[in-house]
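S.K.: File follows, input.pdb with PDB, N, CA and C atoms:
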```pdb
MODEL        1
ATOM      1  N   MET A   1     136.447 155.051  76.471
ATOM      2  CA  MET A   1     135.121 154.670  76.001
ATOM      3  C   MET A   1     134.196 154.501  77.200
ATOM      4  N   GLY A   2     132.966 154.846  77.046
ATOM      5  CA  GLY A   2     132.006 154.763  78.136
ATOM      6  C   GLY A   2     131.431 153.372  78.322
ATOM      7  N   ALA A   3     130.634 153.241  79.358
ATOM      8  CA  ALA A   3     129.932 151.993  79.659
ATOM      9  C   ALA A   3     128.429 152.261  79.610
ATOM     10  N   ALA A   4     127.660 151.242  79.303
ATOM     11  CA  ALA A   4     126.204 151.371  79.197
ATOM     12  C   ALA A   4     125.600 151.764  80.543
ATOM     13  N   ILE A   5     124.607 152.660  80.486
ATOM     14  CA  ILE A   5     123.886 153.089  81.686
ATOM     15  C   ILE A   5     122.835 152.039  82.031
ATOM     16  N   LEU A   6     122.754 151.656  83.306
ATOM     17  CA  LEU A   6     121.740 150.692  83.744
ATOM     18  C   LEU A   6     120.377 151.371  83.787
ATOM     19  N   GLN A   7     119.335 150.625  83.418
ATOM     20  CA  GLN A   7     117.985 151.157  83.392
ATOM     21  C   GLN A   7     117.026 150.121  83.968
ATOM     22  N   MET A   8     115.799 150.558  84.203
ATOM     23  CA  MET A   8     114.783 149.695  84.828
ATOM     24  C   MET A   8     114.575 148.373  84.092
ATOM     25  N   GLY A   9     114.876 148.297  82.819
ATOM     26  CA  GLY A   9     114.627 147.071  82.054
ATOM     27  C   GLY A   9     115.672 145.991  82.220
ATOM     28  N   CYS A  10     116.787 146.271  82.891
ATOM     29  CA  CYS A  10     117.828 145.249  83.017
ATOM     30  C   CYS A  10     117.501 144.283  84.160
ATOM     31  N   THR A  11     118.186 143.145  84.162
ATOM     32  CA  THR A  11     117.990 142.130  85.189
ATOM     33  C   THR A  11     119.183 142.151  86.136
ATOM     34  N   ILE A  12     118.900 142.244  87.433
ATOM     35  CA  ILE A  12     119.953 142.269  88.443
ATOM     36  C   ILE A  12     119.687 141.134  89.428
ATOM     37  N   GLN A  13     120.732 140.312  89.675
ATOM     38  CA  GLN A  13     120.598 139.173  90.585
ATOM     39  C   GLN A  13     121.739 139.153  91.588
ATOM     40  N   CYS A  14     121.468 138.556  92.742
ATOM     41  CA  CYS A  14     122.540 138.315  93.707
ATOM     42  C   CYS A  14     123.315 137.093  93.213
ATOM     43  N   PRO A  15     124.487 136.806  93.785
ATOM     44  CA  PRO A  15     125.277 135.670  93.301
ATOM     45  C   PRO A  15     124.628 134.308  93.548
ATOM     46  N   HIS A  16     123.541 134.280  94.320
ATOM     47  CA  HIS A  16     122.866 133.021  94.621
ATOM     48  C   HIS A  16     121.573 132.849  93.824
ATOM     49  N   GLY A  17     121.297 133.793  92.918
ATOM     50  CA  GLY A  17     120.121 133.695  92.065
ATOM     51  C   GLY A  17     118.911 134.488  92.507
ATOM     52  N   GLY A  18     119.009 135.209  93.617
ATOM     53  CA  GLY A  18     117.899 136.059  94.051
ATOM     54  C   GLY A  18     117.705 137.218  93.082
ATOM     55  N   GLN A  19     116.483 137.623  92.885
ATOM     56  CA  GLN A  19     116.136 138.675  91.931
ATOM     57  C   GLN A  19     116.038 140.029  92.637
ATOM     58  N   ALA A  20     116.752 141.031  92.098
ATOM     59  CA  ALA A  20     116.707 142.378  92.670
ATOM     60  C   ALA A  20     115.656 143.214  91.951
ATOM     61  N   THR A  21     114.882 143.950  92.731
ATOM     62  CA  THR A  21     113.895 144.877  92.189
ATOM     63  C   THR A  21     114.282 146.285  92.618
ATOM     64  N   PRO A  22     114.599 147.147  91.630
ATOM     65  CA  PRO A  22     114.949 148.520  92.000
ATOM     66  C   PRO A  22     113.722 149.349  92.332
ATOM     67  N   VAL A  23     113.873 150.224  93.302
ATOM     68  CA  VAL A  23     112.858 151.220  93.629
ATOM     69  C   VAL A  23     113.490 152.553  93.244
ATOM     70  N   PRO A  24     113.185 153.037  92.029
ATOM     71  CA  PRO A  24     113.905 154.197  91.510
ATOM     72  C   PRO A  24     113.501 155.514  92.161
ATOM     73  N   THR A  25     114.493 156.392  92.291
ATOM     74  CA  THR A  25     114.230 157.754  92.741
ATOM     75  C   THR A  25     114.204 158.702  91.549
ATOM     76  N   ASN A  26     114.767 158.266  90.427
ATOM     77  CA  ASN A  26     114.774 159.057  89.207
ATOM     78  C   ASN A  26     113.467 158.823  88.449
ATOM     79  N   THR A  27     112.688 159.870  88.293
ATOM     80  CA  THR A  27     111.445 159.757  87.511
ATOM     81  C   THR A  27     111.441 160.790  86.392
ATOM     82  N   ARG A  28     112.636 161.227  85.980
ATOM     83  CA  ARG A  28     112.737 162.250  84.949
ATOM     84  C   ARG A  28     113.499 161.791  83.717
ATOM     85  N   VAL A  29     114.583 161.049  83.904
ATOM     86  CA  VAL A  29     115.464 160.723  82.784
ATOM     87  C   VAL A  29     115.325 159.251  82.413
ATOM     88  N   LYS A  30     114.983 159.022  81.136
ATOM     89  CA  LYS A  30     114.868 157.660  80.626
ATOM     90  C   LYS A  30     116.029 157.355  79.686
ATOM     91  N   VAL A  31     116.423 156.091  79.679
ATOM     92  CA  VAL A  31     117.466 155.591  78.799
ATOM     93  C   VAL A  31     116.855 154.446  78.015
ATOM     94  N   ASP A  32     116.785 154.602  76.707
ATOM     95  CA  ASP A  32     116.173 153.587  75.842
ATOM     96  C   ASP A  32     114.764 153.215  76.329
ATOM     97  N   GLY A  33     114.008 154.228  76.776
ATOM     98  CA  GLY A  33     112.610 154.032  77.150
ATOM     99  C   GLY A  33     112.345 153.640  78.583
ATOM    100  N   ALA A  34     113.390 153.464  79.397
ATOM    101  CA  ALA A  34     113.201 153.078  80.809
ATOM    102  C   ALA A  34     114.029 154.012  81.698
ATOM    103  N   PHE A  35     113.556 154.243  82.915
ATOM    104  CA  PHE A  35     114.256 155.148  83.815
ATOM    105  C   PHE A  35     115.661 154.641  84.142
ATOM    106  N   ALA A  36     116.632 155.570  84.119
ATOM    107  CA  ALA A  36     118.012 155.251  84.484
ATOM    108  C   ALA A  36     118.079 154.966  85.977
ATOM    109  N   LEU A  37     118.954 154.032  86.353
ATOM    110  CA  LEU A  37     119.108 153.660  87.759
ATOM    111  C   LEU A  37     120.249 154.438  88.393
ATOM    112  N   LEU A  38     120.075 154.781  89.663
ATOM    113  CA  LEU A  38     121.055 155.557  90.411
ATOM    114  C   LEU A  38     121.554 154.757  91.608
ATOM    115  N   PRO A  39     122.767 155.042  92.105
ATOM    116  CA  PRO A  39     123.265 154.316  93.277
ATOM    117  C   PRO A  39     122.467 154.635  94.539
ATOM    118  N   THR A  40     121.707 155.715  94.518
ATOM    119  CA  THR A  40     120.880 156.082  95.671
ATOM    120  C   THR A  40     119.524 155.374  95.668
ATOM    121  N   ASP A  41     119.206 154.660  94.581
ATOM    122  CA  ASP A  41     117.965 153.886  94.534
ATOM    123  C   ASP A  41     118.050 152.732  95.530
ATOM    124  N   THR A  42     116.908 152.245  95.950
ATOM    125  CA  THR A  42     116.853 151.069  96.818
ATOM    126  C   THR A  42     116.710 149.839  95.930
ATOM    127  N   PHE A  43     117.485 148.812  96.205
ATOM    128  CA  PHE A  43     117.414 147.551  95.458
ATOM    129  C   PHE A  43     117.062 146.458  96.453
ATOM    130  N   ILE A  44     115.869 145.880  96.299
ATOM    131  CA  ILE A  44     115.380 144.852  97.208
ATOM    132  C   ILE A  44     115.531 143.487  96.527
ATOM    133  N   ILE A  45     116.181 142.563  97.217
ATOM    134  CA  ILE A  45     116.411 141.227  96.659
ATOM    135  C   ILE A  45     115.417 140.249  97.261
ATOM    136  N   ALA A  46     114.785 139.477  96.396
ATOM    137  CA  ALA A  46     113.848 138.442  96.836
ATOM    138  C   ALA A  46     114.280 137.093  96.258
ATOM    139  N   GLY A  47     114.062 136.050  97.018
ATOM    140  CA  GLY A  47     114.312 134.695  96.534
ATOM    141  C   GLY A  47     115.746 134.209  96.661
ATOM    142  N   CYS A  48     116.569 134.861  97.457
ATOM    143  CA  CYS A  48     117.942 134.387  97.659
ATOM    144  C   CYS A  48     117.915 133.188  98.604
ATOM    145  N   PRO A  49     118.452 132.045  98.168
ATOM    146  CA  PRO A  49     118.407 130.852  99.005
ATOM    147  C   PRO A  49     119.625 130.672  99.913
ATOM    148  N   PHE A  50     120.523 131.655  99.971
ATOM    149  CA  PHE A  50     121.787 131.470 100.693
ATOM    150  C   PHE A  50     121.571 131.142 102.164
ATOM    151  N   THR A  51     122.332 130.153 102.639
ATOM    152  CA  THR A  51     122.295 129.724 104.038
ATOM    153  C   THR A  51     123.724 129.639 104.548
ATOM    154  N   LEU A  52     123.966 130.171 105.735
ATOM    155  CA  LEU A  52     125.278 130.041 106.362
ATOM    156  C   LEU A  52     125.526 128.575 106.678
ATOM    157  N   PRO A  53     126.773 128.191 106.965
ATOM    158  CA  PRO A  53     126.991 126.799 107.368
ATOM    159  C   PRO A  53     126.063 126.440 108.529
ATOM    160  N   GLY A  54     125.348 125.371 108.360
ATOM    161  CA  GLY A  54     124.323 124.982 109.335
ATOM    162  C   GLY A  54     122.956 125.392 108.803
ATOM    163  N   PRO A  55     121.978 125.435 109.645
ATOM    164  CA  PRO A  55     120.615 125.714 109.179
ATOM    165  C   PRO A  55     120.222 127.196 109.194
ATOM    166  N   THR A  56     121.188 128.098 109.350
ATOM    167  CA  THR A  56     120.847 129.503 109.494
ATOM    168  C   THR A  56     120.700 130.196 108.145
ATOM    169  N   PRO A  57     119.496 130.625 107.780
ATOM    170  CA  PRO A  57     119.333 131.350 106.518
ATOM    171  C   PRO A  57     119.990 132.733 106.617
ATOM    172  N   SER A  58     120.622 133.146 105.536
ATOM    173  CA  SER A  58     121.256 134.461 105.482
ATOM    174  C   SER A  58     121.120 135.011 104.065
ATOM    175  N   PRO A  59     119.889 135.234 103.622
ATOM    176  CA  PRO A  59     119.685 135.655 102.230
ATOM    177  C   PRO A  59     120.194 137.074 101.967
ATOM    178  N   CYS A  60     120.583 137.313 100.726
ATOM    179  CA  CYS A  60     120.900 138.667 100.287
ATOM    180  C   CYS A  60     119.590 139.449 100.284
ATOM    181  N   LEU A  61     119.617 140.691 100.793
ATOM    182  CA  LEU A  61     118.400 141.501 100.866
ATOM    183  C   LEU A  61     118.502 142.834 100.129
ATOM    184  N   THR A  62     119.707 143.406 100.080
ATOM    185  CA  THR A  62     119.887 144.712  99.446
ATOM    186  C   THR A  62     121.197 144.742  98.665
ATOM    187  N   ILE A  63     121.364 145.814  97.886
ATOM    188  CA  ILE A  63     122.602 146.000  97.124
ATOM    189  C   ILE A  63     123.132 147.401  97.397
ATOM    190  N   GLN A  64     124.429 147.484  97.663
ATOM    191  CA  GLN A  64     125.114 148.768  97.814
ATOM    192  C   GLN A  64     126.001 148.945  96.584
ATOM    193  N   TRP A  65     125.839 150.065  95.875
ATOM    194  CA  TRP A  65     126.539 150.303  94.616
ATOM    195  C   TRP A  65     127.679 151.288  94.760
ATOM    196  N   SER A  66     128.697 151.122  93.908
ATOM    197  CA  SER A  66     129.793 152.078  93.800
ATOM    198  C   SER A  66     130.238 152.133  92.338
ATOM    199  N   ALA A  67     131.106 153.077  92.035
ATOM    200  CA  ALA A  67     131.669 153.262  90.693
ATOM    201  C   ALA A  67     130.614 153.678  89.670
ATOM    202  N   GLU A  68     129.809 154.668  90.048
ATOM    203  CA  GLU A  68     128.812 155.206  89.120
ATOM    204  C   GLU A  68     129.489 156.175  88.151
ATOM    205  N   ALA A  69     128.735 156.690  87.182
ATOM    206  CA  ALA A  69     129.265 157.646  86.211
ATOM    207  C   ALA A  69     129.730 158.914  86.923
ATOM    208  N   VAL A  70     130.799 159.509  86.410
ATOM    209  CA  VAL A  70     131.313 160.737  87.030
ATOM    210  C   VAL A  70     131.107 161.964  86.140
ATOM    211  N   ARG A  71     130.938 161.770  84.860
ATOM    212  CA  ARG A  71     130.770 162.907  83.952
ATOM    213  C   ARG A  71     129.319 163.204  83.611
ATOM    214  N   VAL A  72     128.454 162.254  83.837
ATOM    215  CA  VAL A  72     127.026 162.432  83.561
ATOM    216  C   VAL A  72     126.303 162.426  84.898
ATOM    217  N   LYS A  73     125.368 163.350  85.078
ATOM    218  CA  LYS A  73     124.620 163.426  86.336
ATOM    219  C   LYS A  73     123.123 163.450  86.050
ATOM    220  N   ILE A  74     122.371 162.795  86.927
ATOM    221  CA  ILE A  74     120.916 162.829  86.902
ATOM    222  C   ILE A  74     120.490 163.300  88.284
ATOM    223  N   ASN A  75     119.843 164.441  88.344
ATOM    224  CA  ASN A  75     119.474 165.032  89.636
ATOM    225  C   ASN A  75     120.677 165.134  90.574
ATOM    226  N   GLY A  76     121.854 165.433  90.014
ATOM    227  CA  GLY A  76     123.059 165.612  90.808
ATOM    228  C   GLY A  76     123.807 164.335  91.154
ATOM    229  N   THR A  77     123.343 163.195  90.682
ATOM    230  CA  THR A  77     123.962 161.904  90.993
ATOM    231  C   THR A  77     124.331 161.184  89.702
ATOM    232  N   GLY A  78     125.504 160.567  89.686
ATOM    233  CA  GLY A  78     125.914 159.790  88.515
ATOM    234  C   GLY A  78     125.093 158.520  88.406
ATOM    235  N   PRO A  79     124.605 158.186  87.192
ATOM    236  CA  PRO A  79     123.837 156.949  87.035
ATOM    237  C   PRO A  79     124.721 155.710  87.150
ATOM    238  N   LEU A  80     124.100 154.580  87.440
ATOM    239  CA  LEU A  80     124.826 153.317  87.487
ATOM    240  C   LEU A  80     125.208 152.896  86.080
ATOM    241  N   LEU A  81     126.365 152.277  85.967
ATOM    242  CA  LEU A  81     126.874 151.806  84.686
ATOM    243  C   LEU A  81     126.992 150.288  84.695
ATOM    244  N   GLU A  82     127.135 149.729  83.511
ATOM    245  CA  GLU A  82     127.330 148.284  83.397
ATOM    246  C   GLU A  82     128.590 147.854  84.157
ATOM    247  N   THR A  83     129.535 148.774  84.334
ATOM    248  CA  THR A  83     130.775 148.486  85.047
ATOM    249  C   THR A  83     130.704 148.824  86.539
ATOM    250  N   SER A  84     129.572 149.349  87.003
ATOM    251  CA  SER A  84     129.413 149.664  88.430
ATOM    252  C   SER A  84     129.469 148.376  89.252
ATOM    253  N   ILE A  85     129.846 148.504  90.506
ATOM    254  CA  ILE A  85     129.990 147.345  91.381
ATOM    255  C   ILE A  85     128.863 147.344  92.408
ATOM    256  N   GLY A  86     128.085 146.278  92.391
ATOM    257  CA  GLY A  86     126.999 146.122  93.352
ATOM    258  C   GLY A  86     127.340 145.040  94.354
ATOM    259  N   LEU A  87     127.387 145.391  95.626
ATOM    260  CA  LEU A  87     127.673 144.406  96.670
ATOM    261  C   LEU A  87     126.369 143.999  97.341
ATOM    262  N   CYS A  88     126.043 142.721  97.250
ATOM    263  CA  CYS A  88     124.818 142.198  97.851
ATOM    264  C   CYS A  88     125.051 141.985  99.344
ATOM    265  N   LYS A  89     124.074 142.422 100.149
ATOM    266  CA  LYS A  89     124.227 142.373 101.603
ATOM    267  C   LYS A  89     123.068 141.644 102.270
ATOM    268  N   ALA A  90     123.403 140.982 103.374
ATOM    269  CA  ALA A  90     122.403 140.311 104.211
ATOM    270  C   ALA A  90     121.817 141.329 105.174
ATOM    271  N   ALA A  91     120.874 140.910 105.991
ATOM    272  CA  ALA A  91     120.255 141.784 106.985
ATOM    273  C   ALA A  91     121.282 142.318 107.977
ATOM    274  N   THR A  92     122.352 141.569 108.211
ATOM    275  CA  THR A  92     123.415 141.989 109.128
ATOM    276  C   THR A  92     124.383 142.972 108.468
ATOM    277  N   GLN A  93     124.141 143.305 107.203
ATOM    278  CA  GLN A  93     125.009 144.154 106.374
ATOM    279  C   GLN A  93     126.291 143.448 105.954
ATOM    280  N   ALA A  94     126.372 142.138 106.156
ATOM    281  CA  ALA A  94     127.521 141.366 105.692
ATOM    282  C   ALA A  94     127.461 141.262 104.172
ATOM    283  N   VAL A  95     128.580 141.543 103.517
ATOM    284  CA  VAL A  95     128.649 141.437 102.057
ATOM    285  C   VAL A  95     128.707 139.963 101.696
ATOM    286  N   GLN A  96     127.834 139.555 100.747
ATOM    287  CA  GLN A  96     127.740 138.145 100.387
ATOM    288  C   GLN A  96     128.132 137.872  98.944
ATOM    289  N   GLY A  97     128.599 138.892  98.243
ATOM    290  CA  GLY A  97     129.073 138.703  96.882
ATOM    291  C   GLY A  97     128.575 139.792  95.959
ATOM    292  N   PRO A  98     129.093 139.800  94.725
ATOM    293  CA  PRO A  98     128.725 140.837  93.769
ATOM    294  C   PRO A  98     127.416 140.529  93.041
ATOM    295  N   ALA A  99     126.713 141.590  92.709
ATOM    296  CA  ALA A  99     125.498 141.450  91.892
ATOM    297  C   ALA A  99     125.899 141.195  90.444
ATOM    298  N   THR A 100     125.053 140.481  89.728
ATOM    299  CA  THR A 100     125.261 140.289  88.294
ATOM    300  C   THR A 100     124.153 141.024  87.552
ATOM    301  N   VAL A 101     124.527 141.624  86.440
ATOM    302  CA  VAL A 101     123.594 142.428  85.662
ATOM    303  C   VAL A 101     123.559 141.898  84.239
ATOM    304  N   SER A 102     122.370 141.769  83.674
ATOM    305  CA  SER A 102     122.224 141.354  82.278
ATOM    306  C   SER A 102     121.073 142.131  81.647
ATOM    307  N   GLY A 103     120.983 142.059  80.349
ATOM    308  CA  GLY A 103     119.897 142.730  79.645
ATOM    309  C   GLY A 103     120.013 144.238  79.659
ATOM    310  N   VAL A 104     121.238 144.752  79.676
ATOM    311  CA  VAL A 104     121.463 146.193  79.729
ATOM    312  C   VAL A 104     121.287 146.792  78.334
ATOM    313  N   GLN A 105     120.657 147.952  78.264
ATOM    314  CA  GLN A 105     120.524 148.648  76.987
ATOM    315  C   GLN A 105     121.922 149.009  76.489
ATOM    316  N   THR A 106     122.091 149.147  75.188
ATOM    317  CA  THR A 106     123.420 149.429  74.623
ATOM    318  C   THR A 106     123.472 150.727  73.837
ATOM    319  N   LYS A 107     122.383 151.502  73.838
ATOM    320  CA  LYS A 107     122.347 152.727  73.043
ATOM    321  C   LYS A 107     123.000 153.925  73.725
ATOM    322  N   VAL A 108     122.904 154.014  75.055
ATOM    323  CA  VAL A 108     123.390 155.191  75.774
ATOM    324  C   VAL A 108     124.507 154.786  76.739
ATOM    325  N   LYS A 109     125.660 155.473  76.583
ATOM    326  CA  LYS A 109     126.813 155.177  77.435
ATOM    327  C   LYS A 109     127.263 156.427  78.155
ATOM    328  N   ALA A 110     128.000 156.233  79.235
ATOM    329  CA  ALA A 110     128.518 157.359  80.018
ATOM    330  C   ALA A 110     129.859 156.974  80.612
ATOM    331  N   VAL A 111     130.565 157.964  81.106
ATOM    332  CA  VAL A 111     131.860 157.750  81.757
ATOM    333  C   VAL A 111     131.750 158.252  83.184
TER
ENDMDL
END
```
Could you spell out this file's structure in structure tokens?
M.R.:
Amino acid sequence: MGAAILQMGCTIQCPHGGQATPVPTNTRVKVDGAFALLPTDTFIIAGCPFTLPGPTPSPCLTIQWSAEAVRVKINGTGPLLETSIGLCKAATQAVQGPATVSGVQTKVKAV
């Protein structure tokens, strides 16, 4: 069974509550009225309050995705799925935890 394709209308957060805003590269294919998201899109995180031990801020800034669809392609790239794994990263590229996704459309699925 497939998993729901992520689209611009879903909510993506870092594990500390920062809000991710996708900058989509796909401007052709919509899923339930919103553009499908791709692992090659840029995801900018704002409002992450994470601080390393001590007073050093280390907020999540970006997300690196893996486990996209393999049978469905958009412009040659598999779209992100509800089961895709997003690793939130700091400016140093240190992984700070997984992204959480909610509000995903349920009409279109892929494998």
S.K.: Using all atoms listed in the file, determine which residues lie at most 6 Å from region 72-88 of chain A, disregarding the query and same-chain residues fewer than 6 positions distant; provide the list as a list in words.
M.R.: Ala3, Ala4, Ile5, Leu6, Leu37, Leu38, Pro39, Cys60, Leu61, Thr62, Ile63, Gln64, Trp65, Ser66, Ala94, Val95, Gln96, Gly97, Pro98, Ala99 and Val111 of chain A
S.K.: Counting only C-alpha atoms, which residues sit no farther than 12 Å from the position (115.7, 143.3, 89.9) in the file's frame? I'd like them as a VMD selection string.
M.R.: chain A and resid 6 to 14 17 to 24 37 41 to 47 61 to 63 99 to 103
S.K.: If you run DSSP on the backbone here, which positions in chain A get strand (DSSP E or B)? Please write them as a PyMOL selection string.
M.R.: chain A and resi 3-5+7+11-13+19-23+30-31+34-36+42-46+51+57+62-66+74+77+81+85-89+95-98+100-102+109-110
S.K.: Which one is closest to Lys107 (chain A): A:Lys89, A:Pro15, A:Asn26, A:Val31? Count only N, CA and C atoms.
M.R.: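 Under the stated criterion, the closest residue is A:Val31.
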S.K.: Rounded to one decimal, what separation in Å do you get between CA of Ala90 (chain A) and CA of Gly54 (chain A)?
M.R.: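 Between these atoms lies a distance of 16.3 Å.
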S.K.: Between CA of Val108 (chain A) and CA of Thr40 (chain A), measure the distance and give it in Å to one decimal.
M.R.: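 Distance between the two atoms: 20.1 Å.
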S.K.: Using CA of Lys109 (chain A) and CA of Gly2 (chain A) as the two end points, give the distance in Å to one decimal.
M.R.: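 Result for CA of Lys109 (chain A) versus CA of Gly2 (chain A): 5.3 Å, one decimal.
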S.K.: Which residue is closest to Pro49 (chain A)? Choose from A:Thr92, A:Val104, A:His16, A:Val29 and count all atoms listed in the file.
M.R.: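 Distance minimum relative to Pro49 (chain A) lands on A:His16.
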S.K.: Counting all atoms listed in the file, which of A:Thr51, A:Gln93, A:Thr106, A:Ser58 gets nearest to Asp32 (chain A)?
M.R.: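 When distances to Asp32 (chain A) are compared using all atoms listed in the file, the smallest one comes from A:Thr106.
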